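Pasting query09.csv here (CSV, C-alpha atoms):
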chain,number,residue,atom,x,y,z
A,1,MET,CA,90.1,116.4,79.3
A,2,ALA,CA,92.6,117.1,82.0
A,3,GLY,CA,95.4,117.4,79.5
A,4,ASP,CA,98.8,116.8,80.9
A,5,VAL,CA,97.9,117.4,84.5
A,6,PRO,CA,98.0,114.1,86.3
A,7,GLU,CA,94.8,113.3,88.2
A,8,ASP,CA,96.8,112.6,91.4
A,9,ALA,CA,99.6,115.1,91.6
A,10,PRO,CA,102.5,113.5,93.5
A,11,GLU,CA,102.5,116.3,96.1
A,12,GLY,CA,99.1,115.2,97.4
A,13,LYS,CA,99.3,111.5,96.6
A,14,GLU,CA,99.0,108.8,99.2
A,15,TYR,CA,100.7,105.6,98.7
A,16,VAL,CA,98.6,102.8,100.3
A,17,LEU,CA,99.3,99.2,101.1
A,18,GLU,CA,96.7,96.9,102.6
A,19,GLY,CA,97.1,93.3,103.4
A,20,PHE,CA,98.3,90.8,106.0
A,21,ALA,CA,101.1,91.6,108.3
A,22,VAL,CA,103.2,88.6,107.4
A,23,PRO,CA,106.9,88.3,106.5
A,24,ASP,CA,106.3,88.0,102.8
A,25,GLN,CA,104.6,91.4,102.8
A,26,LEU,CA,107.7,93.3,104.0
A,27,ASP,CA,108.8,93.4,100.5
A,28,ALA,CA,105.6,95.2,99.6
A,29,VAL,CA,106.4,97.9,102.2
A,30,HIS,CA,109.8,98.4,100.6
A,31,SER,CA,108.1,98.6,97.2
A,32,LEU,CA,105.6,101.1,98.4
A,33,LEU,CA,108.3,103.5,99.6
A,34,ALA,CA,110.2,102.9,96.4
A,35,GLN,CA,107.1,103.9,94.5
A,36,ALA,CA,106.8,107.1,96.5
A,37,ALA,CA,110.5,107.9,96.1
A,38,GLY,CA,110.2,107.3,92.4
A,39,ASP,CA,107.5,109.9,92.1
A,40,HIS,CA,109.6,112.4,94.0
A,41,PRO,CA,113.1,112.4,92.4
A,42,ASP,CA,114.0,115.5,94.5
A,43,LEU,CA,114.0,113.4,97.7
A,44,ASP,CA,117.5,112.8,99.1
A,45,PRO,CA,118.3,109.1,98.7
A,46,MET,CA,119.8,109.1,102.2
A,47,ASP,CA,116.5,110.4,103.7
A,48,VAL,CA,114.6,107.7,101.9
A,49,MET,CA,117.1,105.0,103.0
A,50,LEU,CA,116.9,106.0,106.7
A,51,PHE,CA,113.2,106.4,106.6
A,52,GLU,CA,112.9,103.0,105.0
A,53,THR,CA,115.1,101.5,107.8
A,54,ALA,CA,112.8,103.0,110.4
A,55,ILE,CA,109.5,102.0,109.0
A,56,ILE,CA,110.6,98.5,108.3
A,57,GLU,CA,111.6,98.1,112.0
A,58,ILE,CA,108.1,99.1,113.0
A,59,ALA,CA,106.6,96.8,110.4
A,60,ASN,CA,108.8,94.0,111.7
A,61,ASN,CA,107.4,94.6,115.1
A,62,VAL,CA,103.9,94.1,113.9
A,63,VAL,CA,104.8,91.0,111.9
A,64,GLU,CA,106.7,89.4,114.8
A,65,TYR,CA,104.5,90.3,117.7
A,66,GLY,CA,101.0,90.9,116.2
A,67,ARG,CA,98.5,88.2,117.2
A,68,PRO,CA,96.7,86.1,116.2
A,69,GLU,CA,99.8,85.2,114.2
A,70,GLY,CA,99.2,85.3,110.4
A,71,GLU,CA,95.8,86.9,110.8
A,72,VAL,CA,96.7,90.4,111.6
A,73,ARG,CA,95.9,92.9,108.8
A,74,TRP,CA,97.6,96.2,108.3
A,75,LYS,CA,97.3,99.4,106.3
A,76,PHE,CA,100.3,101.5,105.4
A,77,VAL,CA,100.0,105.0,104.1
A,78,ILE,CA,103.0,107.0,103.0
A,79,ARG,CA,102.9,110.7,102.2
A,80,VAL,CA,105.7,112.9,100.9
A,81,HIS,CA,105.4,116.5,101.9
A,82,LYS,CA,107.6,119.5,101.2
A,83,ASP,CA,109.6,119.2,104.4
A,84,THR,CA,108.8,115.8,105.7
A,85,ILE,CA,108.0,112.2,104.7
A,86,GLU,CA,105.5,110.3,106.8
A,87,ALA,CA,104.0,106.9,107.2
A,88,GLU,CA,100.9,105.8,109.1
A,89,LEU,CA,100.4,102.2,110.0
A,90,ASP,CA,97.3,100.6,111.4
A,91,ASP,CA,97.2,97.0,112.4
A,92,THR,CA,94.4,94.8,113.7
A,93,GLY,CA,96.7,92.9,116.2
A,94,GLN,CA,96.1,92.7,119.9
A,95,MET,CA,96.6,95.8,122.0
A,96,PHE,CA,100.2,96.6,122.1
A,97,MET,CA,102.2,99.0,124.3
A,98,PRO,CA,105.6,99.8,122.8
A,99,GLU,CA,108.4,100.6,125.2
A,100,GLN,CA,109.4,103.9,123.8
A,101,GLY,CA,112.4,105.8,124.8
A,102,LYS,CA,114.7,102.8,125.5
A,103,ALA,CA,118.4,103.2,125.0
A,104,MET,CA,120.2,101.4,122.2
A,105,PRO,CA,121.2,98.0,123.5
A,106,GLY,CA,124.9,97.2,124.1
A,107,GLU,CA,127.2,95.8,121.5
A,108,ASP,CA,126.7,92.2,122.6
A,109,ALA,CA,122.9,92.2,122.4
A,110,GLU,CA,121.4,90.1,119.6
A,111,GLY,CA,118.0,91.8,119.8
A,112,GLY,CA,116.1,94.9,121.1
A,113,ARG,CA,117.4,97.4,118.6
A,114,GLY,CA,114.3,97.7,116.4
A,115,LEU,CA,112.4,100.4,118.2
A,116,PRO,CA,115.5,102.4,119.3
A,117,MET,CA,116.7,102.4,115.7
A,118,ALA,CA,113.3,103.7,114.5
A,119,GLU,CA,113.3,106.4,117.1
A,120,ALA,CA,116.8,107.5,116.2
A,121,LEU,CA,115.9,107.8,112.6
A,122,LEU,CA,112.5,109.5,112.9
A,123,ASP,CA,111.8,113.0,114.1
A,124,LYS,CA,108.4,112.0,115.4
A,125,ILE,CA,107.0,108.6,116.2
A,126,GLU,CA,103.5,108.4,117.7
A,127,PHE,CA,101.7,105.4,118.9
A,128,LYS,CA,98.1,105.0,120.1
A,129,ARG,CA,95.6,102.3,120.6
A,130,LEU,CA,92.4,103.0,118.7
A,131,THR,CA,89.2,101.0,119.1
A,132,ASP,CA,90.3,98.0,117.2
A,133,THR,CA,93.7,98.9,115.8
A,134,ASN,CA,97.2,99.9,116.8
A,135,HIS,CA,98.1,103.1,115.1
A,136,TRP,CA,101.6,104.3,114.4
A,137,ARG,CA,102.6,107.6,112.8
A,138,MET,CA,106.2,108.0,111.7
A,139,VAL,CA,107.7,111.3,110.5
A,140,ARG,CA,111.1,112.2,109.2
A,141,ARG,CA,112.1,115.7,108.4
A,142,LEU,CA,113.8,116.0,105.1
A,143,GLY,CA,117.3,117.4,104.5
A,144,GLN,CA,118.4,117.0,108.1
A,145,THR,CA,120.7,114.0,107.5
A,146,PRO,CA,123.8,114.2,109.6
A,147,GLN,CA,127.0,112.7,108.2
A,148,MET,CA,126.8,109.0,108.8
B,1,MET,CA,116.7,85.3,100.2
B,2,SER,CA,119.4,82.8,99.6
B,3,PHE,CA,123.1,82.9,100.4
B,4,GLU,CA,126.2,81.5,98.8
B,5,GLU,CA,128.8,79.7,100.8
B,6,VAL,CA,132.4,79.0,99.8
B,7,ASP,CA,134.7,77.0,102.1
B,8,LYS,CA,138.2,78.1,101.4
B,9,GLY,CA,139.8,75.8,103.9
B,10,THR,CA,141.2,78.5,106.2
B,11,HIS,CA,137.9,80.3,106.3
B,12,VAL,CA,134.4,80.3,105.0
B,13,VAL,CA,132.8,83.1,103.0
B,14,LEU,CA,129.0,83.5,103.3
B,15,ALA,CA,127.3,85.8,100.9
B,16,PRO,CA,123.7,86.7,101.5
B,17,GLU,CA,121.8,88.6,98.8
B,18,GLY,CA,119.0,91.1,98.8
B,19,LYS,CA,117.3,92.0,102.1
B,20,PHE,CA,119.1,90.7,105.1
B,21,ASN,CA,116.0,90.9,107.3
B,22,LEU,CA,113.9,88.9,109.7
B,23,VAL,CA,113.2,86.3,107.0
B,24,ALA,CA,116.8,85.9,105.9
B,25,ALA,CA,118.6,86.3,109.2
B,26,PRO,CA,117.6,83.0,111.0
B,27,PRO,CA,118.8,80.6,108.3
B,28,LEU,CA,122.1,82.4,108.0
B,29,LYS,CA,122.6,82.5,111.8
B,30,ALA,CA,121.7,78.7,111.9
B,31,ARG,CA,124.3,78.0,109.2
B,32,ILE,CA,126.9,80.0,111.1
B,33,ASP,CA,126.2,78.0,114.2
B,34,ASP,CA,126.6,74.8,112.3
B,35,LEU,CA,129.9,75.9,110.8
B,36,VAL,CA,131.3,77.0,114.2
B,37,ALA,CA,130.1,73.7,115.7
B,38,VAL,CA,132.3,71.8,113.3
B,39,GLY,CA,135.3,74.0,113.9
B,40,LYS,CA,134.8,76.4,111.0
B,41,ASN,CA,135.2,79.5,113.1
B,42,ARG,CA,136.8,82.0,110.8
B,43,LEU,CA,134.0,83.4,108.8
B,44,VAL,CA,133.6,86.3,106.4
B,45,VAL,CA,130.1,87.6,105.6
B,46,ASP,CA,130.3,89.3,102.2
B,47,LEU,CA,127.6,91.9,102.2
B,48,GLY,CA,128.3,93.1,98.7
B,49,ALA,CA,124.9,91.9,97.4
B,50,VAL,CA,122.9,93.0,100.4
B,51,ASP,CA,120.9,96.2,99.7
B,52,PHE,CA,119.1,96.4,103.1
B,53,ILE,CA,119.7,95.2,106.6
B,54,ASP,CA,117.3,95.4,109.6
B,55,SER,CA,117.8,94.7,113.3
B,56,SER,CA,117.3,91.0,112.8
B,57,GLY,CA,120.2,90.9,110.3
B,58,LEU,CA,122.3,92.8,112.8
B,59,GLY,CA,121.3,90.4,115.5
B,60,ALA,CA,122.4,87.5,113.3
B,61,LEU,CA,125.8,89.1,112.7
B,62,ILE,CA,126.4,89.8,116.4
B,63,GLY,CA,125.2,86.3,117.3
B,64,GLY,CA,127.6,84.8,114.7
B,65,LEU,CA,130.4,87.0,115.9
B,66,LYS,CA,130.0,85.9,119.5
B,67,ALA,CA,129.7,82.2,118.5
B,68,ALA,CA,132.8,82.4,116.4
B,69,ARG,CA,134.9,84.2,119.0
B,70,GLN,CA,133.8,81.8,121.7
B,71,GLN,CA,135.5,79.1,119.7
B,72,GLY,CA,138.6,81.1,119.2
B,73,GLY,CA,137.7,82.4,115.7
B,74,ASP,CA,136.1,85.5,114.4
B,75,LEU,CA,133.4,86.8,112.1
B,76,ARG,CA,134.2,89.7,109.8
B,77,ILE,CA,132.1,91.6,107.3
B,78,ALA,CA,133.1,92.9,104.0
B,79,ALA,CA,131.7,95.1,101.1
B,80,ALA,CA,128.9,96.7,103.2
B,81,GLY,CA,126.8,99.2,101.2
B,82,ASP,CA,125.6,102.6,102.4
B,83,GLN,CA,122.6,101.4,104.3
B,84,VAL,CA,124.4,98.7,106.1
B,85,ARG,CA,127.2,101.1,107.1
B,86,ALA,CA,124.7,103.7,108.3
B,87,VAL,CA,122.9,101.2,110.4
B,88,LEU,CA,126.1,99.8,111.9
B,89,LYS,CA,127.1,103.4,112.9
B,90,LEU,CA,123.7,104.2,114.2
B,91,THR,CA,123.7,101.2,116.5
B,92,ASN,CA,127.4,101.6,117.5
B,93,LEU,CA,128.1,98.1,116.1
B,94,ASP,CA,130.8,99.4,113.8
B,95,ARG,CA,133.0,99.3,116.9
B,96,ILE,CA,133.0,95.5,117.0
B,97,LEU,CA,131.9,94.8,113.4
B,98,SER,CA,134.1,97.0,111.4
B,99,PRO,CA,133.4,96.6,107.8
B,100,TYR,CA,136.3,95.7,105.5
B,101,GLN,CA,136.2,97.1,102.0
B,102,THR,CA,136.6,93.7,100.4
B,103,VAL,CA,136.6,90.0,101.3
B,104,GLU,CA,140.4,89.9,100.6
B,105,GLU,CA,141.0,92.7,103.1
B,106,ALA,CA,138.8,90.9,105.7
B,107,LEU,CA,141.2,87.9,105.5
B,108,HIS,CA,144.1,89.9,106.9
B,109,GLY,CA,146.0,87.9,109.5
B,110,TRP,CA,144.3,84.6,108.6
Can you dump the structure from the file as structure tokens?
Amino acid sequence: MAGDVPEDAPEGKEYVLEGFAVPDQLDAVHSLLAQAAGDHPDLDPMDVMLFETAIIEIANNVVEYGRPEGEVRWKFVIRVHKDTIEAELDDTGQMFMPEQGKAMPGEDAEGGRGLPMAEALLDKIEFKRLTDTNHWRMVRRLGQTPQM
Amino acid sequence: MSFEEVDKGTHVVLAPEGKFNLVAAPPLKARIDDLVAVGKNRLVVDLGAVDFIDSSGLGALIGGLKAARQQGGDLRIAAAGDQVRAVLKLTNLDRILSPYQTVEEALHGW
């Protein structure tokens, strides 16, 4: 018997979501992060909130632009480390090349903020095309939140 | 996500709930466009029940603001929570969409 020691200690636990990259599944991404945050009560809620904002923008991108529409599958993995929180996202959509490093659009723009928002909220955002999937890695350092 | 709508005569209050995201933003923006088209161009979006906004939600607010102002009206937001305020600041949209504490405050001058 393992006694009181949980089989998956939160420190090493991966939070995994697999399914279709469709609008209804965005709630599942929120829930996945909420589950990770719930297991780590020491996480600053502001860090969680801003990380959530960032990863949802990337998820939105896959939902909106992944093709064939409605048939793209994705896998989200969230990990909480001592100094960082990270998410990896793989999707089966067509090859995609994000325009990284773009400035935040002007005040009048009705679109184009998703990726700049994610980049502003993450300390690291990596993208690469693997054989059959697009791969994102998103990392936020913990405890660096400026006054918003 | 659903939203409540109350027509007060001088203005209309729209109150989305939950996640104001790429699912919820298009119907709210469409409703704003319909209201502006019939002359209801003083609008308050009560965000008190919104716990999360994404760039689509921001886009709907900006689009609604532009539509209302083009017809001589305005769109104001009220009761924004922490996440909404953080995102408005991050995107510099707090300069043109300054959040009012309450719906009542947002009515100032109307």
Non-local contacts of Ala24 (chain B) (10 Å; all atoms listed in the file; under 6 positions in same chain excluded) as a JSON list (two decimals) with C-alpha atoms, in the coordinates of the input:
[["chain", "number", "residue", "atom", "x", "y", "z"],
["B", 1, "MET", "CA", 116.70, 85.30, 100.20],
["B", 2, "SER", "CA", 119.40, 82.80, 99.60],
["B", 3, "PHE", "CA", 123.10, 82.90, 100.40],
["B", 16, "PRO", "CA", 123.70, 86.70, 101.50],
["B", 17, "GLU", "CA", 121.80, 88.60, 98.80],
["B", 18, "GLY", "CA", 119.00, 91.10, 98.80],
["B", 53, "ILE", "CA", 119.70, 95.20, 106.60],
["B", 56, "SER", "CA", 117.30, 91.00, 112.80],
["B", 57, "GLY", "CA", 120.20, 90.90, 110.30],
["B", 60, "ALA", "CA", 122.40, 87.50, 113.30]]
Could you give me, as a compact mmCIF listing (two decimals) with C-alpha atoms, in the frame of the given file, the residues within 12 Å of Ala80 (chain B), counting all atoms listed in the file and dropping anything in the same chain fewer than 6 positions from it?
# COMPACT_ATOMS: atom_id res chain seq x y z
CA ALA B 15 127.30 85.80 100.90
CA PRO B 16 123.70 86.70 101.50
CA GLU B 17 121.80 88.60 98.80
CA PHE B 20 119.10 90.70 105.10
CA VAL B 44 133.60 86.30 106.40
CA VAL B 45 130.10 87.60 105.60
CA ASP B 46 130.30 89.30 102.20
CA LEU B 47 127.60 91.90 102.20
CA GLY B 48 128.30 93.10 98.70
CA ALA B 49 124.90 91.90 97.40
CA VAL B 50 122.90 93.00 100.40
CA ASP B 51 120.90 96.20 99.70
CA PHE B 52 119.10 96.40 103.10
CA ILE B 53 119.70 95.20 106.60
CA ALA B 86 124.70 103.70 108.30
CA VAL B 87 122.90 101.20 110.40
CA LEU B 88 126.10 99.80 111.90
CA LYS B 89 127.10 103.40 112.90
CA ASP B 94 130.80 99.40 113.80
CA LEU B 97 131.90 94.80 113.40
CA SER B 98 134.10 97.00 111.40
CA PRO B 99 133.40 96.60 107.80
CA TYR B 100 136.30 95.70 105.50
CA GLN B 101 136.20 97.10 102.00
CA THR B 102 136.60 93.70 100.40
CA VAL B 103 136.60 90.00 101.30
CA ALA B 106 138.80 90.90 105.70
Within 6 Å of chain B, which residues of chain A come that close, and what is the closest atom pair and distance in Å for each? Count all atoms listed in the file and give it as a Markdown table.
| residue | atom | partner | partner_atom | distance |
| --- | --- | --- | --- | --- |
| A:Glu107 | CA | B:Leu93 | CA | 5.9 |
| A:Glu110 | CA | B:Gly59 | CA | 4.1 |
| A:Gly111 | CA | B:Gly59 | CA | 5.6 |
| A:Arg113 | CA | B:Ser55 | CA | 6.0 |
| A:Gly114 | CA | B:Ser55 | CA | 5.6 |
| A:Met148 | CA | B:Ala86 | CA | 5.7 |
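The protein and nucleic acid residues lying at most 10 Å from Arg73 (chain A) are Glu18, Gly19, Phe20, Ala21, Val22, Val62, Val63, Gly66, Arg67, Asp90, Asp91, Thr92, Gly93 and Thr133 of chain A, with all atoms listed in the file considered and sequence neighbours fewer than 5 positions away removed.
Distances here use only C-alpha atoms; by that measure, the residue among A:Asp47, A:Glu57, A:Glu126, A:Asp83 closest to Met138 (chain A) is A:Glu126.
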Practice task
For Ile55 (chain A), list every protein, DNA or RNA residue within 8 Å, evaluated using only C-alpha atoms, and leave out those in the same chain fewer than 2 positions away; present the list as number ranges by chain.
Solution key: A: 51-53, 57-59, 87, 118, 138
